[in-house]
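Shown here: run.cif, mmCIF, C-alpha atoms and all ligand atoms; chains and numbers go by the auth columns.
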data_structure
#
loop_
_atom_site.group_PDB
_atom_site.id
_atom_site.type_symbol
_atom_site.label_atom_id
_atom_site.label_comp_id
_atom_site.label_asym_id
_atom_site.label_seq_id
_atom_site.Cartn_x
_atom_site.Cartn_y
_atom_site.Cartn_z
_atom_site.B_iso_or_equiv
_atom_site.auth_seq_id
_atom_site.auth_asym_id
ATOM 1 C CA MET A 1 -12.571 10.001 -24.388 0.00 1 A
ATOM 2 C CA SER A 2 -13.122 11.318 -20.918 0.00 2 A
ATOM 3 C CA ILE A 3 -11.102 14.501 -20.458 0.00 3 A
ATOM 4 C CA GLU A 4 -11.147 15.530 -16.816 0.00 4 A
ATOM 5 C CA ARG A 5 -9.479 18.016 -14.531 0.00 5 A
ATOM 6 C CA THR A 6 -8.059 17.260 -11.115 0.00 6 A
ATOM 7 C CA PHE A 7 -6.604 19.220 -8.244 0.00 7 A
ATOM 8 C CA ALA A 8 -3.024 18.220 -7.473 0.00 8 A
ATOM 9 C CA MET A 9 -0.687 19.626 -4.867 0.00 9 A
ATOM 10 C CA VAL A 10 2.919 19.331 -3.770 0.00 10 A
ATOM 11 C CA LYS A 11 2.636 19.505 0.007 0.00 11 A
ATOM 12 C CA PRO A 12 5.022 21.547 2.194 0.00 12 A
ATOM 13 C CA ASP A 13 7.354 18.579 2.747 0.00 13 A
ATOM 14 C CA GLY A 14 7.706 18.120 -1.012 0.00 14 A
ATOM 15 C CA VAL A 15 8.431 21.814 -1.555 0.00 15 A
ATOM 16 C CA ARG A 16 10.910 21.919 1.319 0.00 16 A
ATOM 17 C CA ARG A 17 12.727 18.878 -0.030 0.00 17 A
ATOM 18 C CA GLY A 18 13.042 20.286 -3.541 0.00 18 A
ATOM 19 C CA LEU A 19 10.694 17.785 -5.191 0.00 19 A
ATOM 20 C CA VAL A 20 8.545 20.246 -7.157 0.00 20 A
ATOM 21 C CA GLY A 21 10.439 19.701 -10.413 0.00 21 A
ATOM 22 C CA GLU A 22 10.316 15.922 -10.009 0.00 22 A
ATOM 23 C CA ILE A 23 6.563 15.954 -9.454 0.00 23 A
ATOM 24 C CA VAL A 24 5.749 18.456 -12.193 0.00 24 A
ATOM 25 C CA SER A 25 7.897 16.472 -14.594 0.00 25 A
ATOM 26 C CA ARG A 26 5.870 13.325 -13.898 0.00 26 A
ATOM 27 C CA PHE A 27 2.782 15.098 -15.240 0.00 27 A
ATOM 28 C CA GLU A 28 4.755 16.339 -18.229 0.00 28 A
ATOM 29 C CA GLN A 29 6.343 12.969 -18.979 0.00 29 A
ATOM 30 C CA LYS A 30 2.975 11.276 -18.738 0.00 30 A
ATOM 31 C CA GLY A 31 1.452 13.797 -21.129 0.00 31 A
ATOM 32 C CA PHE A 32 -1.046 15.438 -18.804 0.00 32 A
ATOM 33 C CA LYS A 33 -1.615 19.138 -19.348 0.00 33 A
ATOM 34 C CA ILE A 34 -0.915 21.605 -16.557 0.00 34 A
ATOM 35 C CA ILE A 35 -3.698 24.169 -16.771 0.00 35 A
ATOM 36 C CA ALA A 36 -2.686 26.242 -13.729 0.00 36 A
ATOM 37 C CA LEU A 37 0.121 26.138 -11.187 0.00 37 A
ATOM 38 C CA LYS A 38 0.911 28.408 -8.250 0.00 38 A
ATOM 39 C CA MET A 39 3.052 28.435 -5.145 0.00 39 A
ATOM 40 C CA MET A 40 1.270 29.741 -2.076 0.00 40 A
ATOM 41 C CA THR A 41 1.040 29.391 1.672 0.00 41 A
ATOM 42 C CA ALA A 42 -2.520 28.353 2.484 0.00 42 A
ATOM 43 C CA SER A 43 -4.428 29.697 5.479 0.00 43 A
ATOM 44 C CA PRO A 44 -5.578 27.230 8.150 0.00 44 A
ATOM 45 C CA GLU A 45 -9.153 28.110 7.076 0.00 45 A
ATOM 46 C CA LEU A 46 -8.526 27.043 3.477 0.00 46 A
ATOM 47 C CA VAL A 47 -6.791 23.829 4.546 0.00 47 A
ATOM 48 C CA GLY A 48 -9.583 23.083 7.030 0.00 48 A
ATOM 49 C CA GLU A 49 -12.156 23.486 4.277 0.00 49 A
ATOM 50 C CA HIS A 50 -10.074 21.377 1.896 0.00 50 A
ATOM 51 C CA TYR A 51 -9.899 18.537 4.441 0.00 51 A
ATOM 52 C CA ALA A 52 -13.417 19.055 5.853 0.00 52 A
ATOM 53 C CA GLU A 53 -14.133 15.312 5.535 0.00 53 A
ATOM 54 C CA HIS A 54 -11.400 14.648 8.130 0.00 54 A
ATOM 55 C CA ARG A 55 -12.544 17.261 10.657 0.00 55 A
ATOM 56 C CA GLU A 56 -13.401 14.687 13.333 0.00 56 A
ATOM 57 C CA ARG A 57 -10.229 12.638 12.924 0.00 57 A
ATOM 58 C CA PRO A 58 -7.577 12.771 15.663 0.00 58 A
ATOM 59 C CA PHE A 59 -4.906 13.860 13.187 0.00 59 A
ATOM 60 C CA PHE A 60 -6.913 16.826 11.833 0.00 60 A
ATOM 61 C CA GLY A 61 -5.179 19.546 13.905 0.00 61 A
ATOM 62 C CA GLY A 62 -1.720 18.318 12.952 0.00 62 A
ATOM 63 C CA LEU A 63 -2.754 17.979 9.333 0.00 63 A
ATOM 64 C CA VAL A 64 -3.977 21.583 9.173 0.00 64 A
ATOM 65 C CA SER A 65 -0.886 23.029 10.832 0.00 65 A
ATOM 66 C CA PHE A 66 1.388 20.973 8.568 0.00 66 A
ATOM 67 C CA LEU A 67 -0.411 21.966 5.356 0.00 67 A
ATOM 68 C CA SER A 68 -0.630 25.646 6.292 0.00 68 A
ATOM 69 C CA GLY A 69 2.878 25.741 7.747 0.00 69 A
ATOM 70 C CA GLY A 70 4.794 26.369 4.556 0.00 70 A
ATOM 71 C CA PRO A 71 4.407 26.920 0.839 0.00 71 A
ATOM 72 C CA VAL A 72 2.656 24.371 -1.340 0.00 72 A
ATOM 73 C CA VAL A 73 2.410 24.131 -5.121 0.00 73 A
ATOM 74 C CA ALA A 74 -1.215 23.904 -6.213 0.00 74 A
ATOM 75 C CA MET A 75 -2.084 22.672 -9.683 0.00 75 A
ATOM 76 C CA CYS A 76 -4.995 22.107 -11.993 0.00 76 A
ATOM 77 C CA VAL A 77 -4.144 19.244 -14.328 0.00 77 A
ATOM 78 C CA GLU A 78 -6.131 18.024 -17.305 0.00 78 A
ATOM 79 C CA GLY A 79 -6.206 14.779 -19.225 0.00 79 A
ATOM 80 C CA GLU A 80 -7.955 11.528 -19.906 0.00 80 A
ATOM 81 C CA GLN A 81 -8.929 9.806 -16.629 0.00 81 A
ATOM 82 C CA VAL A 82 -6.557 12.173 -14.823 0.00 82 A
ATOM 83 C CA VAL A 83 -8.403 11.970 -11.486 0.00 83 A
ATOM 84 C CA SER A 84 -7.809 8.246 -11.015 0.00 84 A
ATOM 85 C CA GLU A 85 -4.545 8.214 -12.951 0.00 85 A
ATOM 86 C CA TRP A 86 -2.985 10.843 -10.696 0.00 86 A
ATOM 87 C CA ARG A 87 -4.100 8.861 -7.634 0.00 87 A
ATOM 88 C CA ARG A 88 -2.350 5.855 -9.160 0.00 88 A
ATOM 89 C CA MET A 89 0.824 7.877 -9.879 0.00 89 A
ATOM 90 C CA MET A 90 0.812 9.216 -6.284 0.00 90 A
ATOM 91 C CA GLY A 91 0.502 5.801 -4.622 0.00 91 A
ATOM 92 C CA ALA A 92 -1.401 4.821 -1.493 0.00 92 A
ATOM 93 C CA THR A 93 -1.932 7.250 1.405 0.00 93 A
ATOM 94 C CA ARG A 94 0.281 5.116 3.628 0.00 94 A
ATOM 95 C CA PRO A 95 3.648 4.998 1.828 0.00 95 A
ATOM 96 C CA TRP A 96 4.318 1.446 3.008 0.00 96 A
ATOM 97 C CA ASP A 97 1.202 0.348 1.127 0.00 97 A
ATOM 98 C CA SER A 98 2.180 2.172 -2.059 0.00 98 A
ATOM 99 C CA ALA A 99 3.440 0.432 -5.168 0.00 99 A
ATOM 100 C CA PRO A 100 7.041 0.755 -6.347 0.00 100 A
ATOM 101 C CA GLY A 101 7.405 3.548 -8.881 0.00 101 A
ATOM 102 C CA THR A 102 4.761 5.730 -7.274 0.00 102 A
ATOM 103 C CA ILE A 103 5.673 9.085 -5.754 0.00 103 A
ATOM 104 C CA ARG A 104 4.794 8.074 -2.212 0.00 104 A
ATOM 105 C CA PHE A 105 6.780 4.852 -2.529 0.00 105 A
ATOM 106 C CA GLU A 106 9.820 6.646 -3.859 0.00 106 A
ATOM 107 C CA PHE A 107 9.790 9.791 -1.731 0.00 107 A
ATOM 108 C CA ALA A 108 7.834 9.235 1.507 0.00 108 A
ATOM 109 C CA THR A 109 8.099 7.158 4.641 0.00 109 A
ATOM 110 C CA THR A 110 5.259 8.518 6.803 0.00 110 A
ATOM 111 C CA VAL A 111 1.519 8.983 6.343 0.00 111 A
ATOM 112 C CA ASP A 112 1.450 12.514 7.760 0.00 112 A
ATOM 113 C CA GLU A 113 4.098 13.829 5.340 0.00 113 A
ATOM 114 C CA ASN A 114 3.384 12.044 2.100 0.00 114 A
ATOM 115 C CA VAL A 115 4.513 14.701 -0.413 0.00 115 A
ATOM 116 C CA VAL A 116 1.489 14.998 -2.691 0.00 116 A
ATOM 117 C CA HIS A 117 -2.275 15.414 -2.810 0.00 117 A
ATOM 118 C CA GLY A 118 -4.752 14.448 -5.494 0.00 118 A
ATOM 119 C CA SER A 119 -8.532 14.662 -5.615 0.00 119 A
ATOM 120 C CA ASP A 120 -10.181 11.289 -5.030 0.00 120 A
ATOM 121 C CA SER A 121 -13.172 11.731 -7.388 0.00 121 A
ATOM 122 C CA ALA A 122 -14.534 14.040 -10.060 0.00 122 A
ATOM 123 C CA ASP A 123 -16.784 15.672 -7.456 0.00 123 A
ATOM 124 C CA SER A 124 -13.852 16.255 -5.098 0.00 124 A
ATOM 125 C CA ALA A 125 -11.825 17.681 -7.978 0.00 125 A
ATOM 126 C CA ALA A 126 -14.517 20.225 -8.812 0.00 126 A
ATOM 127 C CA ARG A 127 -14.896 21.194 -5.156 0.00 127 A
ATOM 128 C CA GLU A 128 -11.146 21.467 -4.511 0.00 128 A
ATOM 129 C CA LEU A 129 -10.408 23.390 -7.728 0.00 129 A
ATOM 130 C CA GLY A 130 -13.135 25.816 -6.695 0.00 130 A
ATOM 131 C CA LEU A 131 -11.465 26.315 -3.327 0.00 131 A
ATOM 132 C CA TRP A 132 -7.852 26.650 -4.446 0.00 132 A
ATOM 133 C CA PHE A 133 -8.392 28.391 -7.801 0.00 133 A
ATOM 134 C CA LYS A 134 -11.492 30.408 -7.010 0.00 134 A
ATOM 135 C CA GLY A 135 -12.300 32.554 -10.025 0.00 135 A
ATOM 136 C CA GLU A 136 -8.948 31.766 -11.648 0.00 136 A
ATOM 137 C CA LEU A 137 -9.701 28.942 -14.078 0.00 137 A
HETATM 138 P P1 LIG B . -5.083 10.912 0.608 0.00 201 A
HETATM 139 O O1 LIG B . -4.114 12.046 0.813 0.00 201 A
HETATM 140 O O2 LIG B . -4.412 9.718 0.014 0.00 201 A
HETATM 141 O O3 LIG B . -6.322 11.327 -0.134 0.00 201 A
HETATM 142 P P2 LIG B . -6.739 10.838 3.015 0.00 201 A
HETATM 143 O O4 LIG B . -7.736 11.697 2.283 0.00 201 A
HETATM 144 O O5 LIG B . -7.236 9.604 3.690 0.00 201 A
HETATM 145 O O6 LIG B . -5.529 10.413 2.064 0.00 201 A
HETATM 146 O O7 LIG B . -6.027 11.700 4.133 0.00 201 A
HETATM 147 C C1 LIG B . -5.633 13.027 3.840 0.00 201 A
HETATM 148 C C2 LIG B . -4.294 13.285 4.457 0.00 201 A
HETATM 149 O O8 LIG B . -4.403 13.223 5.886 0.00 201 A
HETATM 150 C C3 LIG B . -3.211 12.253 4.114 0.00 201 A
HETATM 151 O O9 LIG B . -2.592 12.483 2.878 0.00 201 A
HETATM 152 C C4 LIG B . -2.271 12.422 5.262 0.00 201 A
HETATM 153 C C5 LIG B . -3.203 12.712 6.430 0.00 201 A
HETATM 154 N N1 LIG B . -3.522 11.487 7.164 0.00 201 A
HETATM 155 C C6 LIG B . -4.375 10.507 6.797 0.00 201 A
HETATM 156 N N2 LIG B . -4.414 9.532 7.698 0.00 201 A
HETATM 157 C C7 LIG B . -3.544 9.901 8.680 0.00 201 A
HETATM 158 C C8 LIG B . -3.108 9.318 9.903 0.00 201 A
HETATM 159 N N3 LIG B . -3.590 8.137 10.314 0.00 201 A
HETATM 160 N N4 LIG B . -2.198 9.994 10.636 0.00 201 A
HETATM 161 C C9 LIG B . -1.719 11.183 10.238 0.00 201 A
HETATM 162 N N5 LIG B . -2.084 11.795 9.084 0.00 201 A
HETATM 163 C C10 LIG B . -2.974 11.157 8.325 0.00 201 A
HETATM 164 MG MG MG B . -7.981 12.355 0.375 0.00 202 A
#

How would this structure read if it were set down as structure tokens?
Amino acid sequence: MSIERTFAMVKPDGVRRGLVGEIVSRFEQKGFKIIALKMMTASPELVGEHYAEHRERPFFGGLVSFLSGGPVVAMCVEGEQVVSEWRRMMGATRPWDSAPGTIRFEFATTVDENVVHGSDSADSAARELGLWFKGEL
């Protein structure tokens, strides 16, 4: 058994489109445990820190204004292999590369508004949970 925690998020496009229930229910149907969940509007500073690895990319400015431009739903989710499993449930970054049945396949058409976030490794999960749920877990 390898019980892990990951950081998951419904991005502003997902919240705006009323997909929070759909996405939360995927965790529940799968059997993963939601440890914490909150709706919030993130500051550009928090989003910039969250996406620090992309700071030099041409899309960084747009990414930060999109992510800080409306409420998101931030979650800490626990379960066996949940870091990689949630990435699999989300689908590929570019929706046209994502597999049928995944969230990005079913609900997204563009890479810049792709509905959900999930940590890409155990180290990223620990870092991102520390940022978004500082002192709360
Ligand atoms: P993921 O969200 O699958 O972890 P990532 O870490 O490579 O993908 O990129 C983070 C986010 O940045 C991604 O969800 C959407 C945005 N992004 C990535 N590549 C992009 C691009 N070429 N143009 C616009 N936005 C992009
Ligand atoms: Mg990423």

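Of the residues listed (A:His50, A:Lys134, A:Lys11, A:Arg104), A:His50 shows the shortest atom-to-atom separation from ligand MG 202 (chain A); distances use all atoms listed in the file.
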
Between A:Ala122, A:Val24, A:Val47, A:Ile3, which has the minimum distance to Gly61 of chain A (counting all atoms listed in the file)?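 So, comparing all the options, the nearest one is A:Val47.
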
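Pairwise distance (atom C10 of ligand LIG 201 (chain A), atom CA of Asp112 of chain A) equals 4.7 Å.
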
Do you have, as a Markdown table, the list of residues of chain A lying at most 9 Å from ligand MG 202 (chain A), each with its nearest atom pair and that distance in Å to one decimal, counting only C-alpha atoms and all ligand atoms and ordered by chain then number?
| residue | atom | partner | partner_atom | distance |
| --- | --- | --- | --- | --- |
| A:Tyr51 | CA | A:MG202 | MG | 7.6 |
| A:Glu53 | CA | A:MG202 | MG | 8.6 |
| A:His54 | CA | A:MG202 | MG | 8.8 |
| A:Thr93 | CA | A:MG202 | MG | 8.0 |
| A:His117 | CA | A:MG202 | MG | 7.2 |
| A:Gly118 | CA | A:MG202 | MG | 7.0 |
| A:Ser119 | CA | A:MG202 | MG | 6.4 |
| A:Asp120 | CA | A:MG202 | MG | 5.9 |
| A:Ser124 | CA | A:MG202 | MG | 8.9 |

Care to translate the PyMOL selection byres (((chain A and resi 19) around 12) and not hetatm) into actual residues of this file, as a list in words? Met9, Val10, Lys11, Pro12, Asp13, Gly14, Val15, Arg16, Arg17, Gly18, Val20, Gly21, Glu22, Ile23, Val24, Ser25, Arg26, Val72, Val73, Ile103, Arg104, Glu106, Phe107, Ala108, Asn114, Val115 and Val116 of chain A

Where does the PyMOL selection byres (((chain A and resi 35) around 7) and not hetatm) land in this file, that is, which residues does it pick, as a list in words?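 Applying the PyMOL selection byres (((chain A and resi 35) around 7) and not hetatm) to the structure shown produces Lys33, Ile34, Ala36, Cys76, Val77 and Glu78 of chain A.
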
Excluding Arg94 of chain A and residues on its chain fewer than 4 positions from it, collect all residues at most 7 Å away from it, counting all atoms listed in the file, and give them as a PyMOL selection string. chain A and resi 98+110-111

Using only C-alpha atoms, which residues sit within 7 Å of Val82 of chain A once same-chain residues fewer than 4 positions away are excluded, as an MDAnalysis selection string? chainID A and resid 4:6 78 86

Minimum-distance residue to Val64 of chain A, chosen among A:Glu128, A:Glu113, A:Glu85, A:Glu80 (using only C-alpha atoms):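 So, comparing all the options, the nearest one is A:Glu113.
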
Exercise: Gly69 of chain A partners within 9 Å, all atoms listed in the file, chain neighbours under 4 positions left out, as JSON, numbers by chain: {"A": [12, 41, 42, 43, 44, 64, 65]}

Would you please work out which residue, of A:Gln81, A:Glu136, A:Gly62, A:Thr102, is nearest to Ser2 of chain A when using all atoms listed in the file?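 Of A:Gln81, A:Glu136, A:Gly62, A:Thr102, the one nearest Ser2 of chain A, counting all atoms listed in the file, is A:Gln81.
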
Nearest candidate to ligand LIG 201 (chain A) (options A:Ala8, A:Met40, A:Leu63, A:Ala52; using all atoms listed in the file):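 Of A:Ala8, A:Met40, A:Leu63, A:Ala52, the one nearest ligand LIG 201 (chain A) is A:Leu63, counting all atoms listed in the file.
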
Counting all atoms listed in the file, the option among A:Pro58, A:Gly135, A:Gly48, A:Gly130 closest to ligand LIG 201 (chain A):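 Of the candidates, the smallest distance to ligand LIG 201 (chain A) is held by A:Pro58.
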
Can you work out the spacing between atom C10 of ligand LIG 201 (chain A) and atom CA of Lys30 of chain A in Å, to one decimal? 27.7 Å

Just give me the gap between atom N3 of ligand LIG 201 (chain A) and atom CA of Arg57 of chain A in Å, one decimal is fine. 8.4 Å

Where is the centre and how long are the edges: axis-aligned box on ligand LIG 201 (chain A), 4 Å on each side, Å to one decimal, as lines of an AutoDock Vina configuration file:
center_x = -4.7
center_y = 10.7
center_z = 5.3
size_x = 14.0
size_y = 13.1
size_z = 18.8

Could you give me segment 77-88 of chain A completed to N, CA, C and O atoms, formatted as a short mmCIF file (atom, residue, chain, number, x, y, z; two decimals), in the coordinates of the input?
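Output contents, as saved in rebuild.cif:
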data_model
loop_
_atom_site.label_atom_id
_atom_site.label_comp_id
_atom_site.auth_asym_id
_atom_site.auth_seq_id
_atom_site.Cartn_x
_atom_site.Cartn_y
_atom_site.Cartn_z
N VAL A 77 -4.72 20.08 -13.28
CA VAL A 77 -4.14 19.24 -14.33
C VAL A 77 -5.27 18.58 -15.11
O VAL A 77 -6.26 18.12 -14.53
N GLU A 78 -5.08 18.53 -16.42
CA GLU A 78 -6.13 18.02 -17.30
C GLU A 78 -5.64 16.83 -18.12
O GLU A 78 -4.48 16.79 -18.53
N GLY A 79 -6.53 15.90 -18.35
CA GLY A 79 -6.21 14.78 -19.23
C GLY A 79 -7.22 13.67 -19.10
O GLY A 79 -8.12 13.72 -18.27
N GLU A 80 -7.03 12.65 -19.92
CA GLU A 80 -7.96 11.53 -19.91
C GLU A 80 -7.82 10.74 -18.60
O GLU A 80 -6.70 10.33 -18.24
N GLN A 81 -8.90 10.57 -17.90
CA GLN A 81 -8.93 9.81 -16.63
C GLN A 81 -7.94 10.35 -15.61
O GLN A 81 -7.41 9.59 -14.78
N VAL A 82 -7.66 11.66 -15.66
CA VAL A 82 -6.56 12.17 -14.82
C VAL A 82 -6.84 12.06 -13.33
O VAL A 82 -5.92 11.93 -12.53
N VAL A 83 -8.11 12.05 -12.93
CA VAL A 83 -8.40 11.97 -11.49
C VAL A 83 -7.86 10.65 -10.93
O VAL A 83 -7.05 10.63 -9.99
N SER A 84 -8.27 9.55 -11.53
CA SER A 84 -7.81 8.25 -11.02
C SER A 84 -6.36 7.96 -11.39
O SER A 84 -5.62 7.33 -10.63
N GLU A 85 -5.93 8.45 -12.55
CA GLU A 85 -4.54 8.21 -12.95
C GLU A 85 -3.56 8.91 -12.02
O GLU A 85 -2.52 8.35 -11.66
N TRP A 86 -3.89 10.14 -11.61
CA TRP A 86 -2.98 10.84 -10.70
C TRP A 86 -2.96 10.14 -9.33
O TRP A 86 -1.91 10.01 -8.71
N ARG A 87 -4.09 9.63 -8.89
CA ARG A 87 -4.10 8.86 -7.63
C ARG A 87 -3.17 7.65 -7.77
O ARG A 87 -2.46 7.29 -6.84
N ARG A 88 -3.20 7.02 -8.92
CA ARG A 88 -2.35 5.86 -9.16
C ARG A 88 -0.87 6.25 -9.19
O ARG A 88 -0.02 5.53 -8.67
#
